[in-house]
Structures are given as structure tokens and as C-alpha cells.
Amino acid sequence: VLPFARTGAAWPRLRCVVISETLPLFRDALSQLARSQSPGARIVRAGSVAEMLELASRGILADLFLIDLALPGLDICMVLP
């Protein structure tokens, strides 16, 4: 349980969320969660490291990244910074 869930406070207002997940079911679930907690936020999905990097090259600025750490081709040192 997240700490803010107990207090009833909402997520911070997010403008853009990038979801990088290989499994479509999880990608959809995370999208629905982000959309329900931050209505109006732009939800951008990526199913691979290549797609995630392509988004970055297009200048997509996200307030939150939800990244599957088991994403094929992902180097943990690339994600953490």
C-alpha cells in the first residue's frame, strides 16, 4: 500500500507518463492506473528499449517513467540516472 493511499491524497498532477513494459496486459493496466490517478495526463507506451529511446529522441518529456527492469536490452545503469 502506498503511503498516500492511506491518507486519501491523490497522486501529484502529471502531464505525461511514459510506460515501458513488454507485456501488453501490464502496459494496459499501468495505463489505466495512471489515467485514473492523473486524468488528462498524456500516456505514452513503449514495448522495448528501442521504442523508449525513440520517444526520447522525439523530445517526449515525462513527469513519470514506469519501466520494466526486465525489458530486453535494458541496461540498469541507463535507467537509474
# chains A, B, ... in the order shown; residues from 1 in each chain; ligands from 1
$ select_by_dssp --residues "chain A" --states "strand (DSSP E)" --output "NGL selection string"
:A and (16-20 or 42-46 or 64-67)
$ residues_around --residues "Leu14 (chain A)" --least-positions-apart "3" --cutoff "10 Å" --atoms "only C-alpha atoms" --output "PyMOL selection string"
chain A and resi 11+17+34-35+37-43+62-64
$ write_last_selection --atoms "C-alpha atoms" --output "CSV table (one decimal), in the first residue's frame"
chain,number,residue,atom,x,y,z
A,11,TRP,CA,-1.1,11.5,-7.0
A,17,VAL,CA,3.6,9.3,-18.2
A,34,ALA,CA,-2.0,6.3,-14.4
A,35,ARG,CA,-5.1,7.6,-16.3
A,37,GLN,CA,-4.9,8.9,-10.9
A,38,SER,CA,-4.0,11.7,-13.3
A,39,PRO,CA,-6.9,12.4,-15.6
A,40,GLY,CA,-5.8,14.3,-18.6
A,41,ALA,CA,-2.2,13.1,-18.5
A,42,ARG,CA,-0.7,12.0,-21.8
A,43,ILE,CA,0.1,8.3,-21.6
A,62,ALA,CA,7.7,12.8,-19.0
A,63,ASP,CA,6.9,13.6,-15.4
A,64,LEU,CA,6.9,9.9,-14.6
$ residues_around --residues "Thr22 (chain A)" --least-positions-apart "6" --cutoff "9 Å" --atoms "only C-alpha atoms" --output "PyMOL selection string"
chain A and resi 46-48+68+70-72
$ write_last_selection --atoms "all heavy atoms" --output "JSON list (two decimals), in the first residue's frame"
[["chain", "number", "residue", "atom", "x", "y", "z"],
["A", 46, "ALA", "N", 5.71, 2.25, -24.50],
["A", 46, "ALA", "CA", 6.84, 1.69, -25.25],
["A", 46, "ALA", "C", 6.97, 0.23, -24.85],
["A", 46, "ALA", "O", 6.87, -0.10, -23.68],
["A", 46, "ALA", "CB", 8.13, 2.45, -24.93],
["A", 47, "GLY", "N", 7.20, -0.63, -25.83],
["A", 47, "GLY", "CA", 7.32, -2.05, -25.56],
["A", 47, "GLY", "C", 8.74, -2.57, -25.64],
["A", 47, "GLY", "O", 8.98, -3.76, -25.48],
["A", 48, "SER", "N", 9.68, -1.65, -25.88],
["A", 48, "SER", "CA", 11.08, -2.05, -25.99],
["A", 48, "SER", "C", 11.98, -0.87, -25.67],
["A", 48, "SER", "O", 11.53, 0.28, -25.63],
["A", 48, "SER", "CB", 11.38, -2.55, -27.41],
["A", 48, "SER", "OG", 11.32, -1.48, -28.32],
["A", 68, "ASP", "N", 9.79, -1.40, -16.97],
["A", 68, "ASP", "CA", 10.02, -2.81, -16.65],
["A", 68, "ASP", "C", 11.52, -3.04, -16.63],
["A", 68, "ASP", "O", 12.19, -2.92, -17.66],
["A", 68, "ASP", "CB", 9.33, -3.68, -17.71],
["A", 68, "ASP", "CG", 9.58, -5.16, -17.54],
["A", 68, "ASP", "OD1", 10.24, -5.55, -16.56],
["A", 68, "ASP", "OD2", 9.11, -5.91, -18.41],
["A", 70, "ALA", "N", 13.07, -5.64, -16.49],
["A", 70, "ALA", "CA", 13.43, -6.85, -17.24],
["A", 70, "ALA", "C", 13.24, -6.63, -18.75],
["A", 70, "ALA", "O", 13.25, -7.58, -19.51],
["A", 70, "ALA", "CB", 12.58, -8.02, -16.76],
["A", 71, "LEU", "N", 13.09, -5.39, -19.17],
["A", 71, "LEU", "CA", 12.92, -5.07, -20.58],
["A", 71, "LEU", "C", 14.14, -5.55, -21.36],
["A", 71, "LEU", "O", 15.27, -5.25, -20.98],
["A", 71, "LEU", "CB", 12.77, -3.55, -20.72],
["A", 71, "LEU", "CG", 12.01, -2.96, -21.87],
["A", 71, "LEU", "CD1", 10.56, -3.45, -21.89],
["A", 71, "LEU", "CD2", 12.03, -1.45, -21.79],
["A", 72, "PRO", "N", 13.95, -6.35, -22.42],
["A", 72, "PRO", "CA", 15.10, -6.85, -23.18],
["A", 72, "PRO", "C", 15.96, -5.70, -23.69],
["A", 72, "PRO", "O", 15.46, -4.71, -24.20],
["A", 72, "PRO", "CB", 14.45, -7.60, -24.35],
["A", 72, "PRO", "CG", 13.08, -7.95, -23.87],
["A", 72, "PRO", "CD", 12.69, -6.83, -22.95]]
$ atom_distance --atom1 "CA of Gly73 (chain A)" --atom2 "CA of Glu54 (chain A)"
14.1 Å
$ residues_around --residues "region 56-60 of chain A" --least-positions-apart "4" --cutoff "9 Å" --atoms "only C-alpha atoms" --output "PyMOL selection string"
chain A and resi 16+18+44+51-52
$ write_last_selection --atoms "N, CA, C and O atoms" --output "mmCIF file, in the first residue's frame"
data_model
loop_
_atom_site.group_PDB
_atom_site.id
_atom_site.type_symbol
_atom_site.label_atom_id
_atom_site.label_comp_id
_atom_site.auth_asym_id
_atom_site.auth_seq_id
_atom_site.Cartn_x
_atom_site.Cartn_y
_atom_site.Cartn_z
ATOM 1 N N CYS A 16 2.561 14.008 -18.298
ATOM 2 C CA CYS A 16 2.941 12.944 -19.233
ATOM 3 C C CYS A 16 3.559 11.779 -18.466
ATOM 4 O O CYS A 16 4.421 11.985 -17.599
ATOM 5 N N VAL A 18 5.358 7.966 -19.206
ATOM 6 C CA VAL A 18 5.884 7.003 -20.173
ATOM 7 C C VAL A 18 5.898 5.635 -19.505
ATOM 8 O O VAL A 18 6.448 5.475 -18.412
ATOM 9 N N VAL A 44 2.102 7.626 -22.726
ATOM 10 C CA VAL A 44 2.900 7.184 -23.870
ATOM 11 C C VAL A 44 3.433 5.805 -23.530
ATOM 12 O O VAL A 44 3.983 5.595 -22.450
ATOM 13 N N GLU A 51 12.011 1.552 -28.610
ATOM 14 C CA GLU A 51 10.859 2.463 -28.626
ATOM 15 C C GLU A 51 11.025 3.567 -27.592
ATOM 16 O O GLU A 51 10.689 4.724 -27.849
ATOM 17 N N MET A 52 11.534 3.218 -26.413
ATOM 18 C CA MET A 52 11.737 4.197 -25.355
ATOM 19 C C MET A 52 12.760 5.251 -25.796
ATOM 20 O O MET A 52 12.554 6.446 -25.601
#
$ select_by_dssp --residues "chain A" --states "helix (DSSP H, G or I)" --output "PyMOL selection string"
chain A and resi 3-7+24-37+49-57+76-79
$ write_last_selection --atoms "N, CA, C and O atoms" --output "compact mmCIF listing (two decimals), in the first residue's frame"
# COMPACT_ATOMS: atom_id res chain seq x y z
N PRO A 3 1.89 5.07 0.74
CA PRO A 3 1.58 5.94 1.87
C PRO A 3 0.45 6.93 1.61
O PRO A 3 -0.38 7.16 2.47
N PHE A 4 0.39 7.49 0.39
CA PHE A 4 -0.65 8.48 0.13
C PHE A 4 -2.03 7.84 0.02
O PHE A 4 -3.03 8.51 0.18
N ALA A 5 -2.09 6.53 -0.24
CA ALA A 5 -3.38 5.85 -0.36
C ALA A 5 -4.11 5.83 0.98
O ALA A 5 -5.32 5.92 1.04
N ARG A 6 -3.35 5.73 2.07
CA ARG A 6 -3.98 5.69 3.40
C ARG A 6 -4.57 7.04 3.78
O ARG A 6 -5.54 7.11 4.50
N THR A 7 -3.98 8.12 3.30
CA THR A 7 -4.46 9.45 3.66
C THR A 7 -5.56 9.93 2.74
O THR A 7 -6.21 10.91 3.02
N PRO A 24 1.71 -6.58 -22.95
CA PRO A 24 0.58 -5.69 -23.19
C PRO A 24 -0.42 -5.62 -22.04
O PRO A 24 -0.96 -4.55 -21.75
N LEU A 25 -0.66 -6.73 -21.35
CA LEU A 25 -1.60 -6.74 -20.23
C LEU A 25 -1.13 -5.79 -19.13
O LEU A 25 -1.90 -4.98 -18.61
N PHE A 26 0.14 -5.86 -18.77
CA PHE A 26 0.68 -4.97 -17.74
C PHE A 26 0.72 -3.53 -18.23
O PHE A 26 0.44 -2.60 -17.48
N ARG A 27 1.08 -3.34 -19.51
CA ARG A 27 1.11 -2.00 -20.09
C ARG A 27 -0.27 -1.36 -20.01
O ARG A 27 -0.41 -0.20 -19.62
N ASP A 28 -1.31 -2.13 -20.35
CA ASP A 28 -2.68 -1.63 -20.28
C ASP A 28 -3.09 -1.31 -18.84
O ASP A 28 -3.71 -0.28 -18.58
N ALA A 29 -2.74 -2.21 -17.91
CA ALA A 29 -3.11 -1.99 -16.50
C ALA A 29 -2.42 -0.74 -15.94
O ALA A 29 -3.05 0.08 -15.25
N LEU A 30 -1.14 -0.57 -16.24
CA LEU A 30 -0.43 0.62 -15.77
C LEU A 30 -0.98 1.89 -16.41
O LEU A 30 -1.08 2.93 -15.76
N SER A 31 -1.39 1.80 -17.67
CA SER A 31 -2.00 2.94 -18.35
C SER A 31 -3.31 3.34 -17.67
O SER A 31 -3.57 4.52 -17.43
N GLN A 32 -4.13 2.34 -17.36
CA GLN A 32 -5.40 2.62 -16.69
C GLN A 32 -5.18 3.22 -15.31
O GLN A 32 -5.89 4.15 -14.92
N LEU A 33 -4.20 2.71 -14.58
CA LEU A 33 -3.90 3.26 -13.26
C LEU A 33 -3.45 4.71 -13.37
O LEU A 33 -3.95 5.58 -12.65
N ALA A 34 -2.52 4.98 -14.26
CA ALA A 34 -2.03 6.35 -14.44
C ALA A 34 -3.16 7.28 -14.88
O ALA A 34 -3.28 8.40 -14.38
N ARG A 35 -3.99 6.81 -15.80
CA ARG A 35 -5.10 7.63 -16.30
C ARG A 35 -6.12 7.91 -15.19
O ARG A 35 -6.64 9.02 -15.09
N SER A 36 -6.38 6.94 -14.33
CA SER A 36 -7.36 7.14 -13.26
C SER A 36 -6.82 8.07 -12.18
O SER A 36 -7.59 8.80 -11.55
N GLN A 37 -5.51 8.04 -11.95
CA GLN A 37 -4.93 8.86 -10.90
C GLN A 37 -4.54 10.26 -11.39
O GLN A 37 -4.43 11.18 -10.58
N VAL A 49 13.26 -1.18 -25.47
CA VAL A 49 14.23 -0.12 -25.22
C VAL A 49 14.33 0.78 -26.46
O VAL A 49 14.39 2.01 -26.33
N ALA A 50 14.29 0.20 -27.64
CA ALA A 50 14.37 0.98 -28.88
C ALA A 50 13.22 1.98 -28.96
O ALA A 50 13.43 3.16 -29.31
N GLU A 51 12.01 1.55 -28.61
CA GLU A 51 10.86 2.46 -28.63
C GLU A 51 11.03 3.57 -27.59
O GLU A 51 10.69 4.72 -27.85
N MET A 52 11.53 3.22 -26.41
CA MET A 52 11.74 4.20 -25.35
C MET A 52 12.76 5.25 -25.80
O MET A 52 12.55 6.45 -25.60
N LEU A 53 13.86 4.81 -26.42
CA LEU A 53 14.88 5.74 -26.89
C LEU A 53 14.35 6.60 -28.04
O LEU A 53 14.71 7.78 -28.16
N GLU A 54 13.50 6.03 -28.87
CA GLU A 54 12.91 6.79 -29.96
C GLU A 54 12.02 7.91 -29.42
O GLU A 54 12.02 9.03 -29.93
N LEU A 55 11.29 7.61 -28.35
CA LEU A 55 10.47 8.65 -27.70
C LEU A 55 11.35 9.78 -27.19
O LEU A 55 11.03 10.96 -27.36
N ALA A 56 12.46 9.43 -26.57
CA ALA A 56 13.39 10.43 -26.04
C ALA A 56 13.95 11.28 -27.18
O ALA A 56 14.07 12.50 -27.04
N SER A 57 14.25 10.64 -28.32
CA SER A 57 14.81 11.40 -29.45
C SER A 57 13.79 12.36 -30.04
O SER A 57 14.16 13.35 -30.65
N ILE A 76 20.59 -1.47 -16.65
CA ILE A 76 20.13 -0.81 -15.43
C ILE A 76 20.85 0.52 -15.19
O ILE A 76 20.28 1.46 -14.68
N CYS A 77 22.10 0.59 -15.62
CA CYS A 77 22.86 1.84 -15.45
C CYS A 77 22.30 2.96 -16.34
O CYS A 77 22.49 4.13 -16.04
N MET A 78 21.60 2.58 -17.40
CA MET A 78 21.00 3.56 -18.27
C MET A 78 19.72 4.14 -17.65
O MET A 78 19.40 5.30 -17.83
N VAL A 79 19.00 3.33 -16.91
CA VAL A 79 17.69 3.71 -16.38
C VAL A 79 17.78 4.52 -15.09
O VAL A 79 17.09 5.52 -14.93
$ decode --residues "region 10-70 of chain A" --atoms "C-alpha atoms" --output "tab-separated table (two decimals), in the first residue's frame"
chain	number	residue	atom	x	y	z
A	10	ALA	CA	-4.20	11.95	-4.87
A	11	TRP	CA	-1.10	11.48	-6.99
A	12	PRO	CA	0.68	14.67	-7.94
A	13	ARG	CA	-0.68	16.26	-11.12
A	14	LEU	CA	1.14	14.60	-14.02
A	15	ARG	CA	1.21	15.91	-17.59
A	16	CYS	CA	2.94	12.94	-19.23
A	17	VAL	CA	3.64	9.35	-18.19
A	18	VAL	CA	5.88	7.00	-20.17
A	19	ILE	CA	5.19	3.30	-19.62
A	20	SER	CA	7.85	0.87	-20.87
A	21	GLU	CA	6.62	-2.69	-20.46
A	22	THR	CA	6.92	-5.72	-22.73
A	23	LEU	CA	3.66	-7.38	-21.69
A	24	PRO	CA	0.58	-5.69	-23.19
A	25	LEU	CA	-1.60	-6.74	-20.23
A	26	PHE	CA	0.68	-4.97	-17.74
A	27	ARG	CA	1.11	-2.00	-20.09
A	28	ASP	CA	-2.68	-1.63	-20.28
A	29	ALA	CA	-3.11	-1.99	-16.50
A	30	LEU	CA	-0.43	0.62	-15.77
A	31	SER	CA	-2.00	2.94	-18.35
A	32	GLN	CA	-5.40	2.62	-16.69
A	33	LEU	CA	-3.90	3.26	-13.26
A	34	ALA	CA	-2.03	6.35	-14.44
A	35	ARG	CA	-5.10	7.63	-16.30
A	36	SER	CA	-7.36	7.14	-13.26
A	37	GLN	CA	-4.93	8.86	-10.90
A	38	SER	CA	-3.98	11.72	-13.25
A	39	PRO	CA	-6.90	12.44	-15.57
A	40	GLY	CA	-5.81	14.33	-18.65
A	41	ALA	CA	-2.21	13.12	-18.49
A	42	ARG	CA	-0.68	12.04	-21.76
A	43	ILE	CA	0.08	8.31	-21.57
A	44	VAL	CA	2.90	7.18	-23.87
A	45	ARG	CA	3.68	3.47	-24.20
A	46	ALA	CA	6.84	1.69	-25.25
A	47	GLY	CA	7.32	-2.05	-25.56
A	48	SER	CA	11.08	-2.05	-25.99
A	49	VAL	CA	14.23	-0.12	-25.22
A	50	ALA	CA	14.37	0.98	-28.88
A	51	GLU	CA	10.86	2.46	-28.63
A	52	MET	CA	11.74	4.20	-25.35
A	53	LEU	CA	14.88	5.74	-26.89
A	54	GLU	CA	12.91	6.79	-29.96
A	55	LEU	CA	10.47	8.65	-27.70
A	56	ALA	CA	13.39	10.43	-26.04
A	57	SER	CA	14.81	11.40	-29.45
A	58	ARG	CA	11.43	12.97	-30.32
A	59	GLY	CA	11.68	15.15	-27.21
A	60	ILE	CA	8.95	13.47	-25.16
A	61	LEU	CA	9.28	14.98	-21.67
A	62	ALA	CA	7.69	12.83	-18.99
A	63	ASP	CA	6.86	13.58	-15.37
A	64	LEU	CA	6.93	9.87	-14.57
A	65	PHE	CA	8.59	6.83	-16.15
A	66	LEU	CA	7.28	3.35	-15.33
A	67	ILE	CA	9.92	0.98	-16.69
A	68	ASP	CA	10.02	-2.81	-16.65
A	69	LEU	CA	13.53	-3.51	-15.37
A	70	ALA	CA	13.43	-6.85	-17.24
